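K.L.:
One file is attached below, query_0.cif, containing mmCIF, C-alpha atoms.
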```cif
data_my_file
#
loop_
_atom_site.label_atom_id
_atom_site.label_comp_id
_atom_site.auth_asym_id
_atom_site.auth_seq_id
_atom_site.Cartn_x
_atom_site.Cartn_y
_atom_site.Cartn_z
CA MET A 26 -17.86 105.11 25.89
CA ARG A 27 -17.34 101.53 26.78
CA THR A 28 -17.16 100.61 23.11
CA MET A 29 -14.23 102.93 22.65
CA LEU A 30 -12.48 101.40 25.61
CA LYS A 31 -13.07 97.92 24.31
CA LEU A 32 -11.63 98.91 20.98
CA LEU A 33 -8.70 100.44 22.76
CA CYS A 34 -8.15 97.23 24.63
CA LEU A 35 -8.72 95.20 21.52
CA VAL A 36 -5.92 96.84 19.69
CA LEU A 37 -3.64 97.37 22.64
CA LEU A 38 -3.77 93.76 23.71
CA LEU A 39 -3.75 91.26 20.94
CA PRO A 40 -6.60 88.79 21.26
CA VAL A 41 -5.65 85.28 22.06
CA ALA A 42 -8.59 83.50 20.59
CA ALA A 43 -11.16 84.55 18.08
CA ALA A 44 -11.35 88.23 17.25
CA ALA A 45 -12.40 90.32 14.31
CA GLU A 46 -8.89 91.44 13.67
CA THR A 47 -5.48 91.02 15.21
CA TRP A 48 -3.00 93.77 15.53
CA ARG A 49 0.72 94.19 15.80
CA ILE A 50 3.01 96.97 16.96
CA ASP A 51 4.41 99.04 14.11
CA PRO A 52 8.04 99.32 15.23
CA SER A 53 8.84 102.06 12.72
CA ARG A 54 6.40 104.44 14.38
CA THR A 55 6.39 103.22 17.96
CA ALA A 56 8.70 105.02 20.36
CA ILE A 57 9.49 104.15 23.97
CA SER A 58 11.49 106.56 26.08
CA VAL A 59 12.13 107.87 29.56
CA THR A 60 13.28 111.38 30.32
CA VAL A 61 16.20 112.02 32.62
CA SER A 62 16.21 115.49 34.19
CA TYR A 63 19.47 117.10 35.13
CA ILE A 64 18.41 119.50 37.86
CA GLY A 65 18.71 123.08 36.64
CA GLU A 66 20.35 122.02 33.36
CA GLY A 67 17.91 120.25 31.08
CA ARG A 68 16.77 116.84 29.97
CA ILE A 69 18.05 113.76 28.19
CA ALA A 70 15.64 111.38 26.50
CA VAL A 71 16.65 107.73 26.75
CA ARG A 72 15.04 105.71 23.98
CA PHE A 73 14.48 101.97 23.78
CA PRO A 74 14.33 100.97 20.12
CA SER A 75 14.51 97.23 20.73
CA TYR A 76 11.81 95.31 22.58
CA GLU A 77 9.61 92.24 22.55
CA ALA A 78 5.91 92.36 23.32
CA ALA A 79 3.28 89.73 24.09
CA LEU A 80 -0.32 90.91 24.34
CA ARG A 81 -3.41 89.02 25.47
CA PHE A 82 -6.97 90.30 25.62
CA ASP A 83 -10.45 88.98 26.23
CA PRO A 84 -13.10 91.58 25.37
CA ASP A 85 -15.57 89.89 27.68
CA ARG A 86 -13.18 89.85 30.58
CA LEU A 87 -11.38 93.13 30.74
CA ASP A 88 -10.03 92.27 34.15
CA ALA A 89 -8.26 89.31 32.60
CA THR A 90 -6.37 91.25 29.97
CA GLN A 91 -2.63 90.87 29.96
CA ALA A 92 0.31 92.49 28.28
CA ARG A 93 4.01 92.04 28.65
CA ILE A 94 6.78 93.99 27.05
CA THR A 95 10.51 93.55 27.53
CA LEU A 96 12.85 96.33 26.55
CA ASP A 97 16.43 95.55 25.57
CA ALA A 98 18.43 97.60 28.09
CA SER A 99 21.65 97.02 26.16
CA ARG A 100 20.18 98.97 23.24
CA ALA A 101 19.11 102.01 25.27
CA GLU A 102 20.23 105.08 23.39
CA THR A 103 20.38 108.84 23.81
CA GLY A 104 21.99 110.00 20.57
CA LEU A 105 25.41 110.42 22.14
CA SER A 106 27.52 107.29 22.53
CA PRO A 107 29.38 108.26 25.74
CA VAL A 108 26.03 108.89 27.40
CA ASP A 109 24.65 105.60 26.03
CA LEU A 110 27.48 103.76 27.77
CA ILE A 111 26.66 105.48 31.07
CA VAL A 112 22.94 104.77 30.79
CA ARG A 113 23.62 101.09 30.03
CA GLY A 114 26.37 100.90 32.65
CA GLN A 115 26.22 99.56 36.19
CA ASP A 116 25.26 102.88 37.80
CA TYR A 117 22.01 102.90 35.90
CA LEU A 118 20.45 100.10 33.84
CA HIS A 119 23.35 97.70 34.37
CA ALA A 120 22.45 96.04 31.08
CA ALA A 121 25.28 93.53 31.26
CA ARG A 122 23.68 91.93 34.33
CA PHE A 123 20.03 92.89 33.76
CA PRO A 124 19.54 92.88 29.98
CA GLY A 125 15.76 93.25 30.06
CA ILE A 126 13.39 95.86 31.46
CA ARG A 127 10.06 94.11 31.81
CA PHE A 128 6.54 95.47 32.20
CA GLU A 129 3.68 93.10 32.96
CA MET A 130 0.19 94.46 32.89
CA ASP A 131 -2.22 93.56 35.68
CA ARG A 132 -5.36 95.39 34.62
CA LEU A 133 -6.77 98.10 32.43
CA THR A 134 -9.37 100.55 33.76
CA GLN A 135 -11.38 103.00 31.72
CA THR A 136 -11.22 106.58 32.97
CA GLY A 137 -12.76 108.53 30.08
CA PRO A 138 -14.15 108.27 26.55
CA SER A 139 -10.72 107.57 25.12
CA ASP A 140 -8.66 107.32 28.28
CA ALA A 141 -7.67 104.48 30.51
CA VAL A 142 -5.16 103.59 33.17
CA ILE A 143 -2.99 100.53 32.94
CA ASP A 144 -1.65 99.07 36.14
CA GLY A 145 1.20 96.65 36.13
CA GLN A 146 4.58 95.68 37.45
CA VAL A 147 7.84 96.93 36.06
CA THR A 148 11.13 95.17 36.65
CA ILE A 149 14.34 97.12 36.31
CA ARG A 150 17.73 95.83 37.52
CA GLY A 151 15.94 92.83 38.97
CA VAL A 152 13.72 94.97 41.19
CA THR A 153 9.97 94.81 40.62
CA GLN A 154 7.72 97.74 41.48
CA PRO A 155 4.14 98.69 40.60
CA LEU A 156 3.71 101.09 37.69
CA ARG A 157 0.62 102.91 36.48
CA LEU A 158 0.46 104.20 32.91
CA ASP A 159 -2.13 106.64 31.61
CA ALA A 160 -3.34 105.65 28.15
CA LYS A 161 -4.88 108.00 25.62
CA VAL A 162 -6.10 107.24 22.12
CA VAL A 163 -4.50 109.77 19.78
CA ARG A 164 -5.47 108.25 16.41
CA TYR A 165 -8.26 105.84 15.69
CA ARG A 166 -8.67 104.44 12.20
CA PRO A 167 -9.39 100.73 12.61
CA ASP A 168 -11.95 100.65 9.80
CA ALA A 169 -10.22 102.70 7.13
CA ALA A 170 -11.14 101.64 3.61
CA ARG A 171 -7.61 100.79 2.66
CA ALA A 172 -5.90 98.22 4.83
CA THR A 173 -2.69 100.24 4.79
CA ASP A 174 -4.52 103.17 6.39
CA ARG A 175 -5.80 101.16 9.32
CA GLU A 176 -4.07 102.07 12.52
CA ILE A 177 -4.63 103.03 16.11
CA ALA A 178 -2.21 105.11 18.04
CA PHE A 179 -1.91 105.58 21.78
CA ARG A 180 0.14 107.72 24.04
CA LEU A 181 1.04 106.04 27.31
CA THR A 182 2.58 108.10 30.07
CA GLY A 183 3.77 107.35 33.59
CA GLN A 184 6.74 107.77 35.85
CA VAL A 185 9.23 105.58 37.66
CA ASP A 186 11.44 106.60 40.55
CA ARG A 187 15.01 105.52 39.83
CA ASN A 188 15.77 105.20 43.54
CA ASP A 189 13.21 102.40 43.77
CA PHE A 190 15.37 100.36 41.42
CA GLY A 191 18.73 101.00 42.99
CA MET A 192 19.82 103.65 40.50
CA VAL A 193 21.12 106.04 43.11
CA ALA A 194 24.14 107.62 41.40
CA ALA A 195 24.41 111.41 41.03
CA ARG A 196 21.52 112.12 43.39
CA ASP A 197 22.41 115.80 43.61
CA THR A 198 22.31 116.35 39.85
CA ILE A 199 19.76 113.92 38.43
CA ALA A 200 16.11 114.05 39.48
CA PRO A 201 14.68 110.84 40.94
CA GLY A 202 11.53 110.80 38.78
CA LEU A 203 11.87 109.40 35.27
CA PRO A 204 8.83 110.22 33.13
CA VAL A 205 7.92 107.38 30.78
CA LEU A 206 6.52 108.11 27.32
CA ILE A 207 5.31 105.43 24.96
CA ASP A 208 3.93 106.41 21.57
CA LEU A 209 2.40 103.15 20.47
CA VAL A 210 1.15 102.59 16.94
CA LEU A 211 -0.73 99.43 16.13
CA VAL A 212 -1.54 98.17 12.65
CA PRO A 213 -3.47 95.09 11.52
CA LYS A 214 -1.49 91.90 11.24
CA MET B 9 41.13 145.20 -6.94
CA SER B 10 44.09 145.61 -4.63
CA VAL B 11 44.82 143.69 -1.48
CA TRP B 12 46.28 146.87 0.00
CA ASN B 13 44.29 149.59 1.69
CA THR B 14 44.50 153.10 0.26
CA THR B 15 43.46 156.45 1.69
CA ASP B 16 40.28 156.09 -0.45
CA GLY B 17 39.24 152.55 0.23
CA TRP B 18 39.77 149.17 1.83
CA GLY B 19 41.73 146.42 0.12
CA TRP B 20 39.95 143.16 -0.64
CA LEU B 21 41.59 141.28 2.24
CA ALA B 22 40.41 143.80 4.85
CA ARG B 23 36.90 143.67 3.37
CA LEU B 24 36.96 139.87 3.27
CA PHE B 25 37.94 139.80 6.95
CA HIS B 26 35.19 142.29 7.78
CA TRP B 27 32.31 140.54 6.05
CA VAL B 28 33.29 136.96 6.80
CA MET B 29 33.73 137.81 10.47
CA ALA B 30 30.52 139.84 10.49
CA LEU B 31 28.61 136.80 9.24
CA MET B 32 30.30 134.49 11.71
CA ILE B 33 29.79 136.84 14.66
CA PHE B 34 26.09 137.43 13.96
CA ALA B 35 25.60 133.69 13.48
CA MET B 36 27.50 132.91 16.68
CA ILE B 37 25.44 135.37 18.73
CA GLY B 38 22.18 133.83 17.51
CA PHE B 39 23.61 130.34 17.85
CA GLY B 40 24.79 131.07 21.40
CA PHE B 41 21.44 132.34 22.60
CA TYR B 42 19.60 129.49 20.88
CA MET B 43 21.73 126.73 22.35
CA SER B 44 21.77 128.30 25.82
CA GLY B 45 18.00 128.05 25.92
CA LEU B 46 17.86 124.42 24.82
CA ASP B 47 16.40 121.96 27.29
CA ASP B 48 17.49 118.90 25.30
CA LEU B 49 20.99 118.31 26.66
CA ILE B 50 22.08 115.99 23.86
CA ALA B 51 21.19 118.55 21.17
CA LYS B 52 22.78 121.23 23.32
CA PHE B 53 25.97 119.21 23.72
CA GLU B 54 26.39 118.84 19.95
CA LEU B 55 25.74 122.54 19.37
CA VAL B 56 28.11 123.62 22.14
CA GLN B 57 30.89 121.59 20.50
CA THR B 58 30.23 123.33 17.17
CA HIS B 59 30.03 126.69 18.96
CA LYS B 60 33.49 126.07 20.46
CA SER B 61 34.94 125.19 17.05
CA VAL B 62 33.49 128.25 15.33
CA GLY B 63 34.54 130.40 18.30
CA PHE B 64 38.11 129.17 17.89
CA THR B 65 37.93 130.08 14.20
CA VAL B 66 36.63 133.57 15.03
CA PHE B 67 39.50 134.02 17.48
CA VAL B 68 42.13 133.00 14.92
CA LEU B 69 40.55 135.22 12.25
CA ALA B 70 40.46 138.13 14.71
CA LEU B 71 44.16 137.66 15.43
CA LEU B 72 44.97 137.52 11.71
CA ARG B 73 42.81 140.56 11.11
CA ILE B 74 44.59 142.53 13.81
CA VAL B 75 47.96 141.46 12.42
CA TRP B 76 46.85 142.58 8.96
CA ARG B 77 45.60 145.86 10.41
CA LEU B 78 49.01 146.44 12.06
CA VAL B 79 50.89 145.47 8.90
CA GLN B 80 48.60 147.66 6.84
CA ARG B 81 48.62 150.79 8.93
CA ARG B 82 47.24 152.85 6.08
CA THR B 83 43.45 153.09 6.31
CA PRO B 84 40.87 155.09 4.40
CA ALA B 85 40.47 158.56 5.84
CA LEU B 86 37.32 159.62 7.63
CA PRO B 87 35.36 162.47 6.07
CA GLU B 88 36.83 165.85 7.01
CA THR B 89 33.35 167.12 7.88
CA MET B 90 32.90 164.44 10.52
CA PRO B 91 32.56 165.98 14.01
CA ARG B 92 35.45 165.29 16.35
CA TRP B 93 33.27 163.40 18.83
CA GLN B 94 32.15 161.03 16.07
CA VAL B 95 35.76 160.43 15.07
CA MET B 96 36.57 159.62 18.69
CA ALA B 97 33.48 157.42 19.01
CA SER B 98 34.46 155.58 15.85
CA HIS B 99 37.97 154.86 17.11
CA VAL B 100 36.78 153.78 20.55
CA SER B 101 34.06 151.51 19.18
CA HIS B 102 36.45 149.88 16.72
CA VAL B 103 38.99 149.21 19.46
CA GLY B 104 36.12 147.80 21.52
CA LEU B 105 35.01 145.55 18.68
CA TYR B 106 38.51 144.19 18.14
CA ALA B 107 38.96 143.65 21.87
CA LEU B 108 35.65 141.79 22.16
CA MET B 109 36.45 139.64 19.12
CA LEU B 110 39.32 138.28 21.20
CA PHE B 111 37.77 138.52 24.66
CA ILE B 112 34.60 136.55 23.93
CA PRO B 113 36.25 133.46 22.38
CA LEU B 114 38.95 133.58 25.06
CA THR B 115 36.47 133.60 27.94
CA GLY B 116 34.46 130.88 26.19
CA TRP B 117 37.55 128.70 26.01
CA LEU B 118 38.52 129.47 29.63
CA MET B 119 34.97 128.72 30.78
CA SER B 120 35.06 125.28 29.13
CA SER B 121 38.62 124.59 30.25
CA ALA B 122 37.87 125.51 33.87
CA SER B 123 34.83 123.25 33.93
CA PRO B 124 35.36 120.01 35.88
CA LEU B 125 33.78 118.25 32.91
CA ASN B 126 37.00 118.96 31.02
CA ASP B 127 39.14 117.10 33.61
CA GLU B 128 40.59 113.65 33.16
CA GLY B 129 38.23 111.12 34.73
CA ALA B 130 35.34 113.61 34.80
CA TYR B 131 31.92 112.23 35.69
CA PRO B 132 29.82 111.30 33.81
CA PHE B 133 32.39 111.68 31.03
CA ARG B 134 35.14 114.04 29.95
CA VAL B 135 34.23 116.75 27.46
CA PRO B 136 37.36 117.79 25.56
CA ASN B 137 37.48 121.19 23.87
CA MET B 138 37.85 119.94 20.34
CA VAL B 139 38.07 122.06 17.22
CA PHE B 140 35.91 120.43 14.53
CA GLY B 141 37.04 117.07 15.93
CA LEU B 142 40.57 117.73 14.61
CA PHE B 143 42.54 118.69 17.69
CA GLU B 144 42.01 119.64 21.30
CA MET B 145 42.51 123.16 22.59
CA PRO B 146 45.02 123.49 25.45
CA ASP B 147 43.70 123.14 28.99
CA PRO B 148 45.20 125.68 31.41
CA PHE B 149 43.16 124.24 34.30
CA GLN B 150 44.20 120.63 34.87
CA SER B 151 41.88 120.53 37.87
CA GLY B 152 38.53 122.09 37.08
CA ASP B 153 36.73 124.60 39.28
CA LYS B 154 33.00 125.05 38.86
CA ASP B 155 32.99 128.55 40.38
CA LEU B 156 35.84 129.71 38.17
CA SER B 157 34.05 128.30 35.13
CA ALA B 158 30.90 130.18 36.20
CA LEU B 159 32.93 133.40 36.50
CA PHE B 160 34.28 133.00 32.95
CA HIS B 161 30.75 132.23 31.82
CA THR B 162 29.55 135.53 33.28
CA MET B 163 32.44 137.34 31.57
CA HIS B 164 31.62 135.58 28.29
CA GLU B 165 27.96 136.60 28.50
CA THR B 166 28.80 140.16 29.52
CA GLY B 167 31.19 140.39 26.58
CA VAL B 168 28.44 139.26 24.24
CA LYS B 169 26.04 141.87 25.60
CA LEU B 170 28.67 144.59 25.13
CA LEU B 171 29.37 143.30 21.62
CA ILE B 172 25.67 143.44 20.74
CA ALA B 173 25.52 147.04 21.97
CA LEU B 174 28.62 148.00 19.98
CA LEU B 175 27.36 146.21 16.86
CA LEU B 176 24.07 148.10 17.06
CA VAL B 177 26.00 151.37 17.22
CA HIS B 178 28.34 150.20 14.43
CA VAL B 179 25.49 149.21 12.08
CA ALA B 180 23.46 152.31 12.91
CA ALA B 181 26.48 154.53 12.25
CA ALA B 182 27.21 152.79 8.94
CA LEU B 183 23.59 153.25 7.83
CA LYS B 184 23.63 156.88 8.94
CA HIS B 185 26.74 157.49 6.83
CA ALA B 186 25.15 155.80 3.82
CA ILE B 187 21.62 157.25 4.07
CA VAL B 188 21.93 160.57 5.89
CA ASP B 189 25.49 161.77 5.24
CA ARG B 190 25.72 160.02 1.85
CA ASP B 191 29.46 159.63 2.21
CA ALA B 192 31.74 156.74 1.20
CA ILE B 193 32.15 155.06 4.60
CA LEU B 194 29.87 152.07 3.95
CA ARG B 195 30.44 151.93 0.20
CA ARG B 196 34.18 151.54 0.52
CA MET B 197 33.71 148.58 2.87
CA VAL B 198 31.38 147.01 0.30
CA ARG B 199 33.04 147.89 -2.99
CA GLY B 200 36.49 148.97 -1.88
CA ARG B 201 36.23 152.66 -2.68
#
```
Rewrite the coordinates I just gave you, this time as structure tokens.
P.N.:
Amino acid sequence: MRTMLKLLCLVLLLPVAAAAETWRIDPSRTAISVTVSYIGEGRIAVRFPSYEAALRFDPDRLDATQARITLDASRAETGLSPVDLIVRGQDYLHAARFPGIRFEMDRLTQTGPSDAVIDGQVTIRGVTQPLRLDAKVVRYRPDAARATDREIAFRLTGQVDRNDFGMVAARDTIAPGLPVLIDLVLVPK
Amino acid sequence: MSVWNTTDGWGWLARLFHWVMALMIFAMIGFGFYMSGLDDLIAKFELVQTHKSVGFTVFVLALLRIVWRLVQRRTPALPETMPRWQVMASHVSHVGLYALMLFIPLTGWLMSSASPLNDEGAYPFRVPNMVFGLFEMPDPFQSGDKDLSALFHTMHETGVKLLIALLLVHVAAALKHAIVDRDAILRRMVRGR
């Protein structure tokens, strides 16, 4: 379903020029997090409530689509302030020196009727590495009768390896893989 | 409604201790199993802190209850028709319940105190054994030992399993007295006599 993919792209990546409708991220319902696994103990979700996004999309040139999002590392939160300080501290995000975590999209590739993969580059602590995110449409109401009901929601998943970004503390207790989860809700501008 | 026990019934203070502690102990057992199974470490952390505080309260109440029991040596008599082995079983199980009411909070506190996370300068951060955020429990292990903490953890869990077994016997016996024997054993713990 190429149409579905185009619509996905249309709403994921705000059109630069003419388009039927432009969309914005609904910050109240969008959630960005990574999961830290303490081996044999459990998990801690690190959320990023503050971010800036710039999206660019040409429906006729999918290979030219672009997206960039910068997360505010100094606002990373877990729900427990002592842990927040550790996550933001120099062993991990080092937010004082590297305040932004940036993701720049390179391309979007359809993989199913409502699935796609997004390839890009993520920069954490000044180190840039490739990152692939799987995108799935979870809610699709772009044409709802009432404007307030119009929305499209995606779930983006992927994983980064903390060692790739110099976050090497507590190797024996914290797993290297950090699953990324983005629940993205877009509404018309 | 007297505070003092008589040979016919329990005073209101003994009954208050019994039912308040029963509620707390059942809640703590469920709470303990629930939080142990949690994968979300932040939620678990918050619950463990509450568990410690309530555990401290149970310990203090158990001490007060035992003091009251020693002060008030008079207790309602057991039915004369009760077989000797049941009388013995009753005494043993009650001693066991009192012992576990102290043993379980104590091993919980020792487990947390022995954990290296309780040490000054602990990584990633120190976890003090606070009671409802009001004060910190004493720390007999200035330098934590993970293995020792694990040993106390095993003792704590074993104590809970024993307590569950004794509580099942205790509740079953109380129901048997009320439904089968139709004597005053349960009634006098509910209504006093």
K.L.:
Residues of chain A that approach chain B to 10 Å or less, counting all atoms listed in the file: could you list each one with the shortest pair of atoms and its distance in Å to one decimal, rows by chain and increasing residue number, as JSON lines?
P.N.:
```
{"residue": "A:Thr60", "atom": "CA", "partner": "B:Asp48", "partner_atom": "CA", "distance": 10.0}
{"residue": "A:Val61", "atom": "CA", "partner": "B:Leu49", "partner_atom": "CA", "distance": 9.9}
{"residue": "A:Ser62", "atom": "CA", "partner": "B:Leu49", "partner_atom": "CA", "distance": 9.4}
{"residue": "A:Tyr63", "atom": "CA", "partner": "B:Leu49", "partner_atom": "CA", "distance": 8.7}
{"residue": "A:Gly65", "atom": "CA", "partner": "B:Asp47", "partner_atom": "CA", "distance": 9.7}
{"residue": "A:Glu66", "atom": "CA", "partner": "B:Asp47", "partner_atom": "CA", "distance": 7.2}
{"residue": "A:Gly67", "atom": "CA", "partner": "B:Asp47", "partner_atom": "CA", "distance": 4.4}
{"residue": "A:Arg68", "atom": "CA", "partner": "B:Asp48", "partner_atom": "CA", "distance": 5.2}
{"residue": "A:Ile69", "atom": "CA", "partner": "B:Leu49", "partner_atom": "CA", "distance": 5.6}
{"residue": "A:Ala70", "atom": "CA", "partner": "B:Asp48", "partner_atom": "CA", "distance": 7.8}
{"residue": "A:Thr103", "atom": "CA", "partner": "B:Ile50", "partner_atom": "CA", "distance": 7.3}
{"residue": "A:Gly104", "atom": "CA", "partner": "B:Ile50", "partner_atom": "CA", "distance": 6.8}
{"residue": "A:Leu105", "atom": "CA", "partner": "B:Ile50", "partner_atom": "CA", "distance": 6.7}
{"residue": "A:Pro107", "atom": "CA", "partner": "B:Phe133", "partner_atom": "CA", "distance": 7.0}
{"residue": "A:Val108", "atom": "CA", "partner": "B:Pro132", "partner_atom": "CA", "distance": 7.8}
{"residue": "A:Leu110", "atom": "CA", "partner": "B:Phe133", "partner_atom": "CA", "distance": 9.9}
{"residue": "A:Ile111", "atom": "CA", "partner": "B:Pro132", "partner_atom": "CA", "distance": 7.2}
{"residue": "A:Val112", "atom": "CA", "partner": "B:Pro132", "partner_atom": "CA", "distance": 10.0}
{"residue": "A:Ala195", "atom": "CA", "partner": "B:Pro132", "partner_atom": "CA", "distance": 9.0}
```
K.L.:
Using the chain letters and numbers from the file, which residues does the PyMOL selection byres ((chain B and resi 83) around 9) grab, as an MDAnalysis selection string?
P.N.:
chainID B and resid 13:18 77 80:82 84:85
K.L.:
Those selected residues, please, written with C-alpha atoms and delivered as a CSV table (one decimal), in the frame of the given file.
P.N.:
```
chain,number,residue,atom,x,y,z
B,13,ASN,CA,44.3,149.6,1.7
B,14,THR,CA,44.5,153.1,0.3
B,15,THR,CA,43.5,156.4,1.7
B,16,ASP,CA,40.3,156.1,-0.4
B,17,GLY,CA,39.2,152.6,0.2
B,18,TRP,CA,39.8,149.2,1.8
B,77,ARG,CA,45.6,145.9,10.4
B,80,GLN,CA,48.6,147.7,6.8
B,81,ARG,CA,48.6,150.8,8.9
B,82,ARG,CA,47.2,152.8,6.1
B,84,PRO,CA,40.9,155.1,4.4
B,85,ALA,CA,40.5,158.6,5.8
```
K.L.:
Evaluating the PyMOL selection byres ((chain A and resi 54) around 12) on the displayed file yields which residues, as a list in words?
P.N.:
Arg49, Ile50, Asp51, Pro52, Ser53, Thr55, Ala56, Ile57, Pro74, Glu176, Ile177, Ala178, Phe179, Arg180, Ile207, Asp208, Leu209, Val210, Leu211 and Val212 of chain A
K.L.:
Find the smallest box with edges along x, y and z containing every listed atom of range 70-77 of chain B, then add 6 Å on each side and report centre and edge lengths in Å to one decimal, as lines of an AutoDock Vina configuration file.
P.N.:
```
center_x = 44.2
center_y = 141.7
center_z = 12.2
size_x = 19.5
size_y = 20.3
size_z = 18.5
```
K.L.:
Please provide as a VMD selection string all residues within 12 Å of Gly183 in chain A, with the sequence filter that same-chain residues fewer than 3 positions apart are discarded (counting all atoms listed in the file).
P.N.:
chain A and resid 57 to 60 142 to 145 147 155 to 161 180 186 202 to 207
K.L.:
Find the distance between CA of Phe128 in chain A and CA of Thr198 in chain A and write it in Å to one decimal.
P.N.:
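Taking CA of Phe128 in chain A as the start and CA of Thr198 in chain A as the end point, the length is 27.3 Å.
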K.L.:
Can you list, as a PyMOL selection string, every protein, DNA or RNA residue that comes within 6 Å of range 113-130 of chain B when you count all atoms listed in the file, leaving out same-chain residues fewer than 2 positions away?
P.N.:
chain B and resi 63+67+110-111+133-136+147+149+152-154+157+160-161+164
K.L.:
Between CA of Val168 in chain B and CA of Leu108 in chain B, what is the spacing in Å?
P.N.:
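Between CA of Leu108 in chain B and CA of Val168 in chain B the gap is 7.9 Å.
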K.L.:
Identify, on the basis of all atoms listed in the file, every residue whose closest approach to range 140-142 of chain B does not exceed 8 Å; exclude the query and any residue fewer than 4 positions from it along the same chain; express the result as a PyMOL selection string.
P.N.:
chain B and resi 57-58+61
